[in-house]
>>> print(open('upload-v8.csv').read())   # CSV, C-alpha atoms
chain,number,residue,atom,x,y,z
A,157,MET,CA,0.0,0.0,0.0
A,158,HIS,CA,1.5,3.3,-1.2
A,159,PHE,CA,0.1,6.5,0.3
A,160,THR,CA,0.0,9.3,-2.2
A,161,VAL,CA,-1.7,12.3,-0.5
A,162,GLU,CA,-2.4,13.0,3.2
A,163,THR,CA,-4.4,15.9,4.6
A,164,SER,CA,-5.9,16.6,8.1
A,165,SER,CA,-8.8,18.8,9.0
A,166,ASN,CA,-11.4,19.0,11.8
A,167,GLY,CA,-10.1,15.9,13.6
A,168,VAL,CA,-10.0,13.7,10.5
A,169,VAL,CA,-6.9,12.4,8.6
A,170,GLU,CA,-7.5,11.6,5.0
A,171,ARG,CA,-5.0,9.4,3.2
A,172,GLU,CA,-5.3,8.5,-0.4
A,173,PHE,CA,-3.5,5.3,-1.5
A,174,THR,CA,-2.7,2.9,-4.3
A,175,LEU,CA,-2.4,-0.8,-4.0
A,176,GLY,CA,-1.4,-2.2,-7.4
A,177,GLU,CA,-4.2,-1.0,-9.7
A,178,ILE,CA,-6.5,-0.2,-6.8
A,179,THR,CA,-7.1,3.5,-5.9
A,180,GLY,CA,-8.5,4.2,-2.5
A,181,VAL,CA,-8.8,6.5,0.5
A,182,ILE,CA,-8.7,6.0,4.3
A,183,TRP,CA,-10.4,8.4,6.8
A,184,SER,CA,-9.3,8.0,10.4
A,185,PRO,CA,-9.3,10.0,13.6
A,186,VAL,CA,-6.4,12.4,14.2
A,187,SER,CA,-6.0,10.8,17.7
A,188,GLY,CA,-7.6,7.8,19.4
A,189,PRO,CA,-6.9,4.2,20.2
A,190,ASP,CA,-5.5,1.8,17.6
A,191,HIS,CA,-7.6,-1.0,16.1
A,192,ALA,CA,-10.8,1.1,16.0
A,193,PRO,CA,-13.7,-0.4,14.1
A,194,LEU,CA,-13.2,-0.4,10.3
A,195,VAL,CA,-16.0,0.4,7.9
A,196,LEU,CA,-15.7,-0.5,4.2
A,197,MET,CA,-17.7,1.9,2.1
A,198,GLY,CA,-19.0,1.0,-1.4
A,199,HIS,CA,-20.1,3.6,-4.0
A,200,GLY,CA,-22.9,3.6,-6.6
A,201,GLY,CA,-22.5,2.8,-10.3
A,202,GLY,CA,-20.8,5.6,-12.3
A,203,LEU,CA,-19.6,7.3,-9.2
A,204,HIS,CA,-16.3,7.0,-7.2
A,205,LYS,CA,-14.8,6.7,-3.7
A,206,LYS,CA,-15.0,10.4,-2.9
A,207,THR,CA,-18.4,11.7,-3.8
A,208,PRO,CA,-19.5,14.5,-1.5
A,209,ALA,CA,-22.1,12.4,0.2
A,210,GLN,CA,-19.7,9.6,0.7
A,211,VAL,CA,-17.0,11.9,2.2
A,212,ALA,CA,-19.6,13.4,4.5
A,213,ARG,CA,-20.7,9.9,5.7
A,214,ALA,CA,-17.2,8.8,6.2
A,215,ARG,CA,-16.1,11.9,8.2
A,216,ASP,CA,-19.2,11.6,10.4
A,217,LEU,CA,-18.3,8.0,11.3
A,218,VAL,CA,-14.8,9.2,12.1
A,219,VAL,CA,-15.8,12.2,14.2
A,220,THR,CA,-18.8,10.9,16.0
A,221,ARG,CA,-17.8,7.2,16.4
A,222,GLY,CA,-14.0,7.2,16.2
A,223,PHE,CA,-14.2,4.7,13.4
A,224,THR,CA,-11.8,4.3,10.5
A,225,VAL,CA,-13.4,4.2,7.1
A,226,VAL,CA,-11.9,3.0,3.8
A,227,ALA,CA,-13.3,3.3,0.2
A,228,ILE,CA,-11.9,2.1,-3.1
A,229,ASP,CA,-12.8,2.8,-6.6
A,230,ALA,CA,-14.6,0.0,-8.4
A,231,PRO,CA,-12.9,-1.2,-11.6
A,232,GLY,CA,-13.3,1.4,-14.3
A,233,HIS,CA,-14.5,4.0,-11.9
A,234,GLY,CA,-13.0,7.1,-10.2
A,235,ASP,CA,-9.2,7.3,-10.7
A,236,ARG,CA,-9.0,4.0,-12.5
A,237,PRO,CA,-8.8,3.7,-16.3
A,238,ARG,CA,-11.8,2.5,-18.2
A,239,SER,CA,-11.4,-0.5,-20.5
A,240,ALA,CA,-13.2,-0.8,-23.8
A,241,ALA,CA,-15.7,-3.1,-22.1
A,242,ASP,CA,-16.4,-0.3,-19.5
A,243,GLU,CA,-17.0,2.3,-22.2
A,244,GLN,CA,-19.3,-0.1,-24.1
A,245,ALA,CA,-21.4,-0.9,-21.0
A,246,ARG,CA,-21.8,2.8,-20.1
A,247,ALA,CA,-22.8,3.6,-23.7
A,248,ASP,CA,-25.3,0.7,-23.7
A,249,LEU,CA,-26.8,1.9,-20.4
A,250,ARG,CA,-27.2,5.4,-21.7
A,251,GLU,CA,-28.9,4.2,-24.8
A,252,ALA,CA,-31.3,2.0,-22.8
A,253,VAL,CA,-32.2,4.9,-20.5
A,254,ALA,CA,-32.8,7.2,-23.5
A,255,ALA,CA,-35.0,4.7,-25.2
A,256,GLY,CA,-36.9,3.8,-22.1
A,257,ASP,CA,-35.9,0.2,-22.6
A,258,ASN,CA,-36.0,-1.2,-19.0
A,259,ALA,CA,-35.4,-4.8,-20.1
A,260,ARG,CA,-32.2,-3.9,-21.9
A,261,PHE,CA,-31.2,-1.6,-18.9
A,262,ARG,CA,-31.7,-4.6,-16.6
A,263,SER,CA,-29.7,-7.0,-18.8
A,264,VAL,CA,-26.8,-4.6,-19.3
A,265,THR,CA,-26.7,-3.6,-15.6
A,266,ILE,CA,-26.7,-7.2,-14.4
A,267,GLY,CA,-24.0,-8.3,-16.8
A,268,TYR,CA,-21.7,-5.3,-16.2
A,269,ALA,CA,-22.1,-5.3,-12.4
A,270,THR,CA,-21.5,-9.0,-12.2
A,271,ALA,CA,-18.3,-8.6,-14.1
A,272,LEU,CA,-17.2,-5.7,-11.9
A,273,ALA,CA,-18.0,-7.6,-8.7
A,274,ALA,CA,-15.9,-10.6,-9.9
A,275,ARG,CA,-12.9,-8.2,-10.0
A,276,ALA,CA,-13.8,-6.0,-7.1
A,277,VAL,CA,-14.3,-8.7,-4.4
A,278,PRO,CA,-10.7,-10.0,-4.6
A,279,GLU,CA,-9.5,-6.3,-4.6
A,280,TRP,CA,-11.4,-5.6,-1.4
A,281,GLN,CA,-9.9,-8.7,0.2
A,282,MET,CA,-6.4,-7.6,-1.0
A,283,THR,CA,-7.1,-4.2,0.6
A,284,LEU,CA,-8.2,-5.8,3.8
A,285,ASP,CA,-5.0,-7.8,3.9
A,286,ALA,CA,-2.9,-4.6,3.4
A,287,LEU,CA,-4.9,-2.7,6.0
A,288,ALA,CA,-4.2,-5.5,8.5
A,289,THR,CA,-0.5,-4.8,8.3
A,290,LEU,CA,-0.9,-1.2,9.3
A,291,PRO,CA,-0.1,-0.9,13.1
A,292,TRP,CA,-3.0,1.6,13.7
A,293,ILE,CA,-5.5,-0.7,12.1
A,294,GLY,CA,-4.1,-4.3,12.4
A,295,ALA,CA,-5.9,-7.6,12.1
A,296,GLU,CA,-7.8,-6.9,15.4
A,297,ALA,CA,-10.0,-4.2,14.1
A,298,PRO,CA,-13.7,-5.3,13.8
A,299,ILE,CA,-15.0,-4.8,10.3
A,300,GLY,CA,-18.3,-3.8,8.8
A,301,TYR,CA,-19.5,-3.1,5.3
A,302,GLY,CA,-21.1,0.4,5.1
A,303,GLY,CA,-23.0,0.0,2.0
A,304,GLY,CA,-23.9,2.1,-1.0
A,305,ILE,CA,-26.9,1.1,-3.0
A,306,THR,CA,-26.8,0.0,-6.6
A,307,LEU,CA,-23.2,-1.1,-7.4
A,308,GLY,CA,-22.2,-0.8,-3.8
A,309,THR,CA,-24.7,-3.6,-3.1
A,310,ALA,CA,-23.9,-5.6,-6.2
A,311,ILE,CA,-20.3,-5.8,-4.9
A,312,GLY,CA,-21.0,-5.8,-1.2
A,313,ILE,CA,-23.2,-8.8,-1.1
A,314,PRO,CA,-20.7,-11.3,-2.7
A,315,LEU,CA,-17.9,-9.7,-0.7
A,316,THR,CA,-19.7,-10.2,2.6
A,317,ALA,CA,-20.7,-13.7,1.6
A,318,ALA,CA,-17.0,-14.5,0.8
A,319,GLU,CA,-15.3,-12.6,3.6
A,320,PRO,CA,-15.5,-13.9,7.2
A,321,ARG,CA,-13.9,-10.8,8.6
A,322,ILE,CA,-17.0,-8.7,8.0
A,323,ARG,CA,-19.2,-8.7,11.1
A,324,ALA,CA,-22.2,-6.7,9.9
A,325,ALA,CA,-23.3,-5.1,6.6
A,326,ILE,CA,-25.5,-2.3,5.2
A,327,PHE,CA,-26.9,-2.9,1.7
A,328,GLY,CA,-29.6,-1.2,-0.4
A,329,GLY,CA,-32.0,-1.6,-3.2
A,330,GLY,CA,-31.6,0.0,-6.5
A,331,PHE,CA,-30.0,-3.1,-8.1
A,332,PHE,CA,-31.6,-5.9,-10.0
A,333,PRO,CA,-31.5,-9.2,-8.0
A,334,HIS,CA,-30.4,-12.2,-10.1
A,335,GLU,CA,-29.7,-15.8,-9.2
A,336,ALA,CA,-26.0,-15.4,-8.4
A,337,LEU,CA,-26.7,-12.4,-6.2
A,338,LEU,CA,-29.6,-14.2,-4.4
A,339,ALA,CA,-27.3,-17.2,-3.9
A,340,ALA,CA,-24.7,-15.0,-2.3
A,341,ALA,CA,-27.4,-13.4,-0.1
A,342,ARG,CA,-28.4,-16.8,1.1
A,343,ARG,CA,-24.8,-17.4,2.4
A,344,ILE,CA,-24.8,-14.2,4.5
A,345,THR,CA,-25.6,-14.8,8.2
A,346,VAL,CA,-24.2,-11.6,9.8
A,347,PRO,CA,-26.6,-8.8,10.8
A,348,VAL,CA,-27.9,-6.9,7.8
A,349,GLN,CA,-29.6,-3.5,7.4
A,350,PHE,CA,-31.3,-3.1,4.1
A,351,LEU,CA,-32.3,0.3,2.6
A,352,LEU,CA,-35.0,0.3,0.0
A,353,PRO,CA,-35.9,3.3,-2.3
A,354,TRP,CA,-39.6,2.6,-2.5
A,355,ASP,CA,-40.3,4.4,-5.8
A,356,ASP,CA,-37.3,3.1,-7.8
A,357,GLU,CA,-38.2,3.5,-11.5
A,358,HIS,CA,-35.8,0.8,-12.6
A,359,VAL,CA,-36.0,-2.0,-9.9
A,360,ASP,CA,-39.4,-3.3,-9.0
A,361,ARG,CA,-39.9,-3.2,-5.2
A,362,SER,CA,-41.0,-6.9,-5.1
A,363,ALA,CA,-37.6,-7.9,-6.5
A,364,ALA,CA,-35.9,-5.8,-3.9
A,365,LEU,CA,-38.0,-7.5,-1.2
A,366,ALA,CA,-37.1,-10.9,-2.6
A,367,LEU,CA,-33.4,-10.0,-2.2
A,368,PHE,CA,-34.0,-8.9,1.4
A,369,ASP,CA,-35.9,-12.2,2.1
A,370,ALA,CA,-32.9,-14.2,0.7
A,371,PHE,CA,-30.5,-13.1,3.4
A,372,ALA,CA,-30.0,-15.9,5.9
A,373,SER,CA,-29.2,-13.5,8.7
A,374,PRO,CA,-31.1,-14.1,12.0
A,375,GLU,CA,-31.0,-10.3,12.5
A,376,LYS,CA,-32.0,-8.2,9.5
A,377,THR,CA,-34.0,-5.1,9.2
A,378,LEU,CA,-35.5,-3.3,6.2
A,379,HIS,CA,-35.9,0.5,6.0
A,380,ALA,CA,-38.0,1.8,3.1
A,381,ASN,CA,-38.2,5.5,2.3
A,382,PRO,CA,-40.1,7.3,-0.5
A,383,GLY,CA,-37.8,8.2,-3.4
A,384,ASP,CA,-36.6,7.1,-6.8
A,385,HIS,CA,-33.3,5.5,-8.0
A,386,ARG,CA,-31.3,8.6,-7.4
A,387,SER,CA,-33.3,11.0,-5.3
A,388,ILE,CA,-34.1,9.8,-1.8
A,389,ARG,CA,-33.7,11.3,1.7
A,390,TRP,CA,-33.1,8.6,4.2
A,391,VAL,CA,-34.9,9.1,7.5
A,392,GLY,CA,-35.7,6.8,10.4
A,393,LEU,CA,-32.6,4.6,10.0
A,394,ASP,CA,-31.0,2.7,12.8
A,395,ASN,CA,-27.8,4.8,13.1
A,396,GLU,CA,-26.6,2.5,15.9
A,397,PHE,CA,-26.5,-0.5,13.7
A,398,LEU,CA,-22.8,-0.5,12.9
A,399,PRO,CA,-21.7,0.8,16.3
A,400,ARG,CA,-23.7,-1.9,18.0
A,401,HIS,CA,-22.2,-4.7,16.0
A,402,LEU,CA,-18.7,-3.5,15.7
A,403,SER,CA,-18.3,-2.7,19.4
A,404,SER,CA,-15.8,-4.7,21.4
A,405,GLY,CA,-16.7,-8.3,21.5
A,406,ALA,CA,-19.7,-8.0,19.1
A,407,ARG,CA,-19.9,-10.5,16.4
A,408,GLY,CA,-22.5,-11.6,13.8
A,409,VAL,CA,-24.2,-14.9,14.3
>>> encode(input="upload-v8.csv", output="structure tokens")
Amino acid sequence: MHFTVETSSNGVVEREFTLGEITGVIWSPVSGPDHAPLVLMGHGGGLHKKTPAQVARARDLVVTRGFTVVAIDAPGHGDRPRSAADEQARADLREAVAAGDNARFRSVTIGYATALAARAVPEWQMTLDALATLPWIGAEAPIGYGGGITLGTAIGIPLTAAEPRIRAAIFGGGFFPHEALLAAARRITVPVQFLLPWDDEHVDRSAALALFDAFASPEKTLHANPGDHRSIRWVGLDNEFLPRHLSSGARGV
């Protein structure tokens, strides 16, 4: 892990890094005990690790909870180069949206996100291995997945299914469930919080409910708020979800 930029403001240290082809960022407290809970933060499709909303959420977890937060760019996103396949998928998605062809939008989205997840899950695991070598994080830090709807969920579900170090996870709707994603959800037994945009114009809410139902977690909660695929204001969430499950000694079932 090679740190490229480091800044500090209002009690938060922000360190950008590279790890092979991976580009990422870590937010951590200026001072505090080592091995604080670590939250992995996914981002939405077409976005990147440092959107304003993501930075705000990360800094809040650092300041109010003393957590460390890490985000990485998904393949073909943010500071990472786009392949010809990335460009074609984006073009296909734009054409489907312009034509109002939801069936094509669904097909392209599932294919592209599944390919991204196949690459991103090992990258997240490589990132976790590297973070475990940092003395102020270490292998002792309890780990949670902090979500991100759409692509953040398409990557986060198979990651959580494959990664025993994750103790609790926040996912969201806004992504088309398919059999591979449902199969991964059935392997997840850690506590889950699921956020559902009730008026998503692309993903039928019954499909999102089927994904929620697939989680094998004994503890899972669903939070539905009015709003479409991009415009939603989350209220009434369980803001103690990650602190409760990442506190000392807490573990998922």
>>> residues_around(input="upload-v8.csv", residues="A:Glu396", least_positions_apart="2", cutoff="12 Å", atoms="only C-alpha atoms", output="list of chain:residue names")
A:Leu217, A:Thr220, A:Arg221, A:Ala324, A:Ile326, A:Gln349, A:Gly392, A:Leu393, A:Asp394, A:Leu398, A:Pro399, A:Arg400, A:His401, A:Leu402, A:Ser403
>>> closest_atom_pairs(input="upload-v8.csv", of="stretch 200-291 of chain A", to="stretch 159-179 of chain A", cutoff="9 Å", atoms="all atoms listed in the file", output="Markdown table")
| residue | atom | partner | partner_atom | distance |
| --- | --- | --- | --- | --- |
| A:Lys205 | CA | A:Thr179 | CA | 8.6 |
| A:Arg215 | CA | A:Val168 | CA | 6.8 |
| A:Val218 | CA | A:Val168 | CA | 6.8 |
| A:Val219 | CA | A:Gly167 | CA | 6.8 |
| A:Ala227 | CA | A:Thr179 | CA | 8.7 |
| A:Ile228 | CA | A:Thr179 | CA | 5.7 |
| A:Asp229 | CA | A:Thr179 | CA | 5.8 |
| A:Ala230 | CA | A:Ile178 | CA | 8.3 |
| A:Pro231 | CA | A:Ile178 | CA | 8.1 |
| A:Gly234 | CA | A:Thr179 | CA | 8.1 |
| A:Asp235 | CA | A:Thr179 | CA | 6.5 |
| A:Arg236 | CA | A:Thr179 | CA | 6.9 |
| A:Glu279 | CA | A:Ile178 | CA | 7.1 |
| A:Met282 | CA | A:Leu175 | CA | 8.4 |
| A:Thr283 | CA | A:Leu175 | CA | 7.4 |
| A:Ala286 | CA | A:Leu175 | CA | 8.3 |
>>> closest_residue(input="upload-v8.csv", among="A:Ala240, A:Ala297, A:Met157, A:Leu272", to="A:Asp190", atoms="all atoms listed in the file")
A:Ala297
>>> residues_around(input="upload-v8.csv", residues="A:Leu315", least_positions_apart="5", cutoff="9 Å", atoms="all atoms listed in the file", output="PyMOL selection string")
chain A and resi 273+276-278+280-281+322+340
>>> residues_around(input="upload-v8.csv", residues="stretch 245-259 of chain A", least_positions_apart="5", cutoff="9 Å", atoms="only C-alpha atoms", output="ChimeraX atom specification")
/A:202,240,264-265,267-268,358
>>> closest_atom_pairs(input="upload-v8.csv", of="stretch 261-347 of chain A", to="stretch 361-384 of chain A", cutoff="8 Å", atoms="all atoms listed in the file", output="Markdown table")
| residue | atom | partner | partner_atom | distance |
| --- | --- | --- | --- | --- |
| A:Gly329 | CA | A:Ala364 | CA | 5.8 |
| A:Gly330 | CA | A:Ala364 | CA | 7.7 |
| A:Phe331 | CA | A:Ala364 | CA | 7.7 |
| A:Phe332 | CA | A:Ala363 | CA | 7.2 |
| A:Pro333 | CA | A:Leu367 | CA | 6.2 |
| A:Leu338 | CA | A:Ala370 | CA | 6.1 |
| A:Ala339 | CA | A:Ala370 | CA | 7.8 |
| A:Ala341 | CA | A:Phe371 | CA | 4.7 |
| A:Arg342 | CA | A:Phe371 | CA | 4.8 |
| A:Arg343 | CA | A:Ala372 | CA | 6.4 |
| A:Ile344 | CA | A:Ala372 | CA | 5.6 |
| A:Thr345 | CA | A:Ser373 | CA | 3.9 |
| A:Val346 | CA | A:Ser373 | CA | 5.5 |
| A:Pro347 | CA | A:Glu375 | CA | 4.9 |
>>> write_last_selection(input="upload-v8.csv", atoms="C-alpha atoms", output="mmCIF file, in the coordinates of the input")
data_model
loop_
_atom_site.group_PDB
_atom_site.id
_atom_site.type_symbol
_atom_site.label_atom_id
_atom_site.label_comp_id
_atom_site.auth_asym_id
_atom_site.auth_seq_id
_atom_site.Cartn_x
_atom_site.Cartn_y
_atom_site.Cartn_z
ATOM 1 C CA GLY A 329 -32.000 -1.600 -3.200
ATOM 2 C CA GLY A 330 -31.600 0.000 -6.500
ATOM 3 C CA PHE A 331 -30.000 -3.100 -8.100
ATOM 4 C CA PHE A 332 -31.600 -5.900 -10.000
ATOM 5 C CA PRO A 333 -31.500 -9.200 -8.000
ATOM 6 C CA LEU A 338 -29.600 -14.200 -4.400
ATOM 7 C CA ALA A 339 -27.300 -17.200 -3.900
ATOM 8 C CA ALA A 341 -27.400 -13.400 -0.100
ATOM 9 C CA ARG A 342 -28.400 -16.800 1.100
ATOM 10 C CA ARG A 343 -24.800 -17.400 2.400
ATOM 11 C CA ILE A 344 -24.800 -14.200 4.500
ATOM 12 C CA THR A 345 -25.600 -14.800 8.200
ATOM 13 C CA VAL A 346 -24.200 -11.600 9.800
ATOM 14 C CA PRO A 347 -26.600 -8.800 10.800
#
>>> closest_residue(input="upload-v8.csv", among="A:Arg262, A:Gly232, A:Trp390, A:His191", to="A:Val359", atoms="all atoms listed in the file")
A:Arg262
>>> closest_residue(input="upload-v8.csv", among="A:Gly328, A:Ser387, A:Lys206, A:Arg260", to="A:Gly180", atoms="only C-alpha atoms")
A:Lys206
>>> closest_residue(input="upload-v8.csv", among="A:Gly200, A:Asp216, A:Pro320, A:Phe261", to="A:Glu357", atoms="all atoms listed in the file")
A:Phe261
>>> atom_distance(input="upload-v8.csv", atom1="atom CA of A:Val195", atom2="atom CA of A:Phe223")
7.2 Å
>>> decode(input="upload-v8.csv", residues="stretch 316-380 of chain A", atoms="C-alpha atoms", output="PDB file, in the first residue's frame")
ATOM      1  CA  THR A 316     -19.742 -10.182   2.568  1.00  0.00           C
ATOM      2  CA  ALA A 317     -20.670 -13.727   1.567  1.00  0.00           C
ATOM      3  CA  ALA A 318     -17.014 -14.512   0.823  1.00  0.00           C
ATOM      4  CA  GLU A 319     -15.300 -12.555   3.595  1.00  0.00           C
ATOM      5  CA  PRO A 320     -15.539 -13.912   7.174  1.00  0.00           C
ATOM      6  CA  ARG A 321     -13.881 -10.789   8.585  1.00  0.00           C
ATOM      7  CA  ILE A 322     -17.040  -8.726   7.972  1.00  0.00           C
ATOM      8  CA  ARG A 323     -19.244  -8.719  11.086  1.00  0.00           C
ATOM      9  CA  ALA A 324     -22.232  -6.674   9.877  1.00  0.00           C
ATOM     10  CA  ALA A 325     -23.324  -5.064   6.621  1.00  0.00           C
ATOM     11  CA  ILE A 326     -25.537  -2.329   5.196  1.00  0.00           C
ATOM     12  CA  PHE A 327     -26.901  -2.908   1.701  1.00  0.00           C
ATOM     13  CA  GLY A 328     -29.553  -1.200  -0.373  1.00  0.00           C
ATOM     14  CA  GLY A 329     -32.049  -1.613  -3.154  1.00  0.00           C
ATOM     15  CA  GLY A 330     -31.639  -0.005  -6.517  1.00  0.00           C
ATOM     16  CA  PHE A 331     -30.028  -3.079  -8.068  1.00  0.00           C
ATOM     17  CA  PHE A 332     -31.639  -5.944  -9.982  1.00  0.00           C
ATOM     18  CA  PRO A 333     -31.494  -9.205  -8.009  1.00  0.00           C
ATOM     19  CA  HIS A 334     -30.392 -12.176 -10.092  1.00  0.00           C
ATOM     20  CA  GLU A 335     -29.724 -15.784  -9.183  1.00  0.00           C
ATOM     21  CA  ALA A 336     -26.008 -15.369  -8.408  1.00  0.00           C
ATOM     22  CA  LEU A 337     -26.722 -12.381  -6.163  1.00  0.00           C
ATOM     23  CA  LEU A 338     -29.580 -14.195  -4.435  1.00  0.00           C
ATOM     24  CA  ALA A 339     -27.327 -17.227  -3.899  1.00  0.00           C
ATOM     25  CA  ALA A 340     -24.694 -14.983  -2.296  1.00  0.00           C
ATOM     26  CA  ALA A 341     -27.351 -13.377  -0.072  1.00  0.00           C
ATOM     27  CA  ARG A 342     -28.396 -16.841   1.144  1.00  0.00           C
ATOM     28  CA  ARG A 343     -24.837 -17.388   2.417  1.00  0.00           C
ATOM     29  CA  ILE A 344     -24.849 -14.219   4.540  1.00  0.00           C
ATOM     30  CA  THR A 345     -25.585 -14.770   8.229  1.00  0.00           C
ATOM     31  CA  VAL A 346     -24.162 -11.600   9.797  1.00  0.00           C
ATOM     32  CA  PRO A 347     -26.590  -8.820  10.815  1.00  0.00           C
ATOM     33  CA  VAL A 348     -27.909  -6.865   7.820  1.00  0.00           C
ATOM     34  CA  GLN A 349     -29.553  -3.474   7.432  1.00  0.00           C
ATOM     35  CA  PHE A 350     -31.273  -3.081   4.050  1.00  0.00           C
ATOM     36  CA  LEU A 351     -32.253   0.301   2.593  1.00  0.00           C
ATOM     37  CA  LEU A 352     -35.024   0.335  -0.004  1.00  0.00           C
ATOM     38  CA  PRO A 353     -35.898   3.266  -2.317  1.00  0.00           C
ATOM     39  CA  TRP A 354     -39.641   2.634  -2.468  1.00  0.00           C
ATOM     40  CA  ASP A 355     -40.263   4.376  -5.800  1.00  0.00           C
ATOM     41  CA  ASP A 356     -37.260   3.125  -7.792  1.00  0.00           C
ATOM     42  CA  GLU A 357     -38.157   3.545 -11.454  1.00  0.00           C
ATOM     43  CA  HIS A 358     -35.816   0.763 -12.577  1.00  0.00           C
ATOM     44  CA  VAL A 359     -36.038  -1.957  -9.922  1.00  0.00           C
ATOM     45  CA  ASP A 360     -39.446  -3.302  -8.952  1.00  0.00           C
ATOM     46  CA  ARG A 361     -39.853  -3.242  -5.200  1.00  0.00           C
ATOM     47  CA  SER A 362     -41.012  -6.866  -5.149  1.00  0.00           C
ATOM     48  CA  ALA A 363     -37.607  -7.870  -6.550  1.00  0.00           C
ATOM     49  CA  ALA A 364     -35.851  -5.844  -3.856  1.00  0.00           C
ATOM     50  CA  LEU A 365     -38.020  -7.483  -1.209  1.00  0.00           C
ATOM     51  CA  ALA A 366     -37.066 -10.896  -2.602  1.00  0.00           C
ATOM     52  CA  LEU A 367     -33.406  -9.984  -2.170  1.00  0.00           C
ATOM     53  CA  PHE A 368     -34.020  -8.932   1.429  1.00  0.00           C
ATOM     54  CA  ASP A 369     -35.871 -12.175   2.054  1.00  0.00           C
ATOM     55  CA  ALA A 370     -32.905 -14.176   0.708  1.00  0.00           C
ATOM     56  CA  PHE A 371     -30.497 -13.064   3.449  1.00  0.00           C
ATOM     57  CA  ALA A 372     -29.988 -15.910   5.910  1.00  0.00           C
ATOM     58  CA  SER A 373     -29.191 -13.478   8.723  1.00  0.00           C
ATOM     59  CA  PRO A 374     -31.086 -14.109  11.970  1.00  0.00           C
ATOM     60  CA  GLU A 375     -30.969 -10.334  12.480  1.00  0.00           C
ATOM     61  CA  LYS A 376     -31.983  -8.235   9.485  1.00  0.00           C
ATOM     62  CA  THR A 377     -34.002  -5.053   9.188  1.00  0.00           C
ATOM     63  CA  LEU A 378     -35.527  -3.313   6.165  1.00  0.00           C
ATOM     64  CA  HIS A 379     -35.880   0.479   5.956  1.00  0.00           C
ATOM     65  CA  ALA A 380     -38.043   1.785   3.108  1.00  0.00           C
TER      66      ALA A 380
END
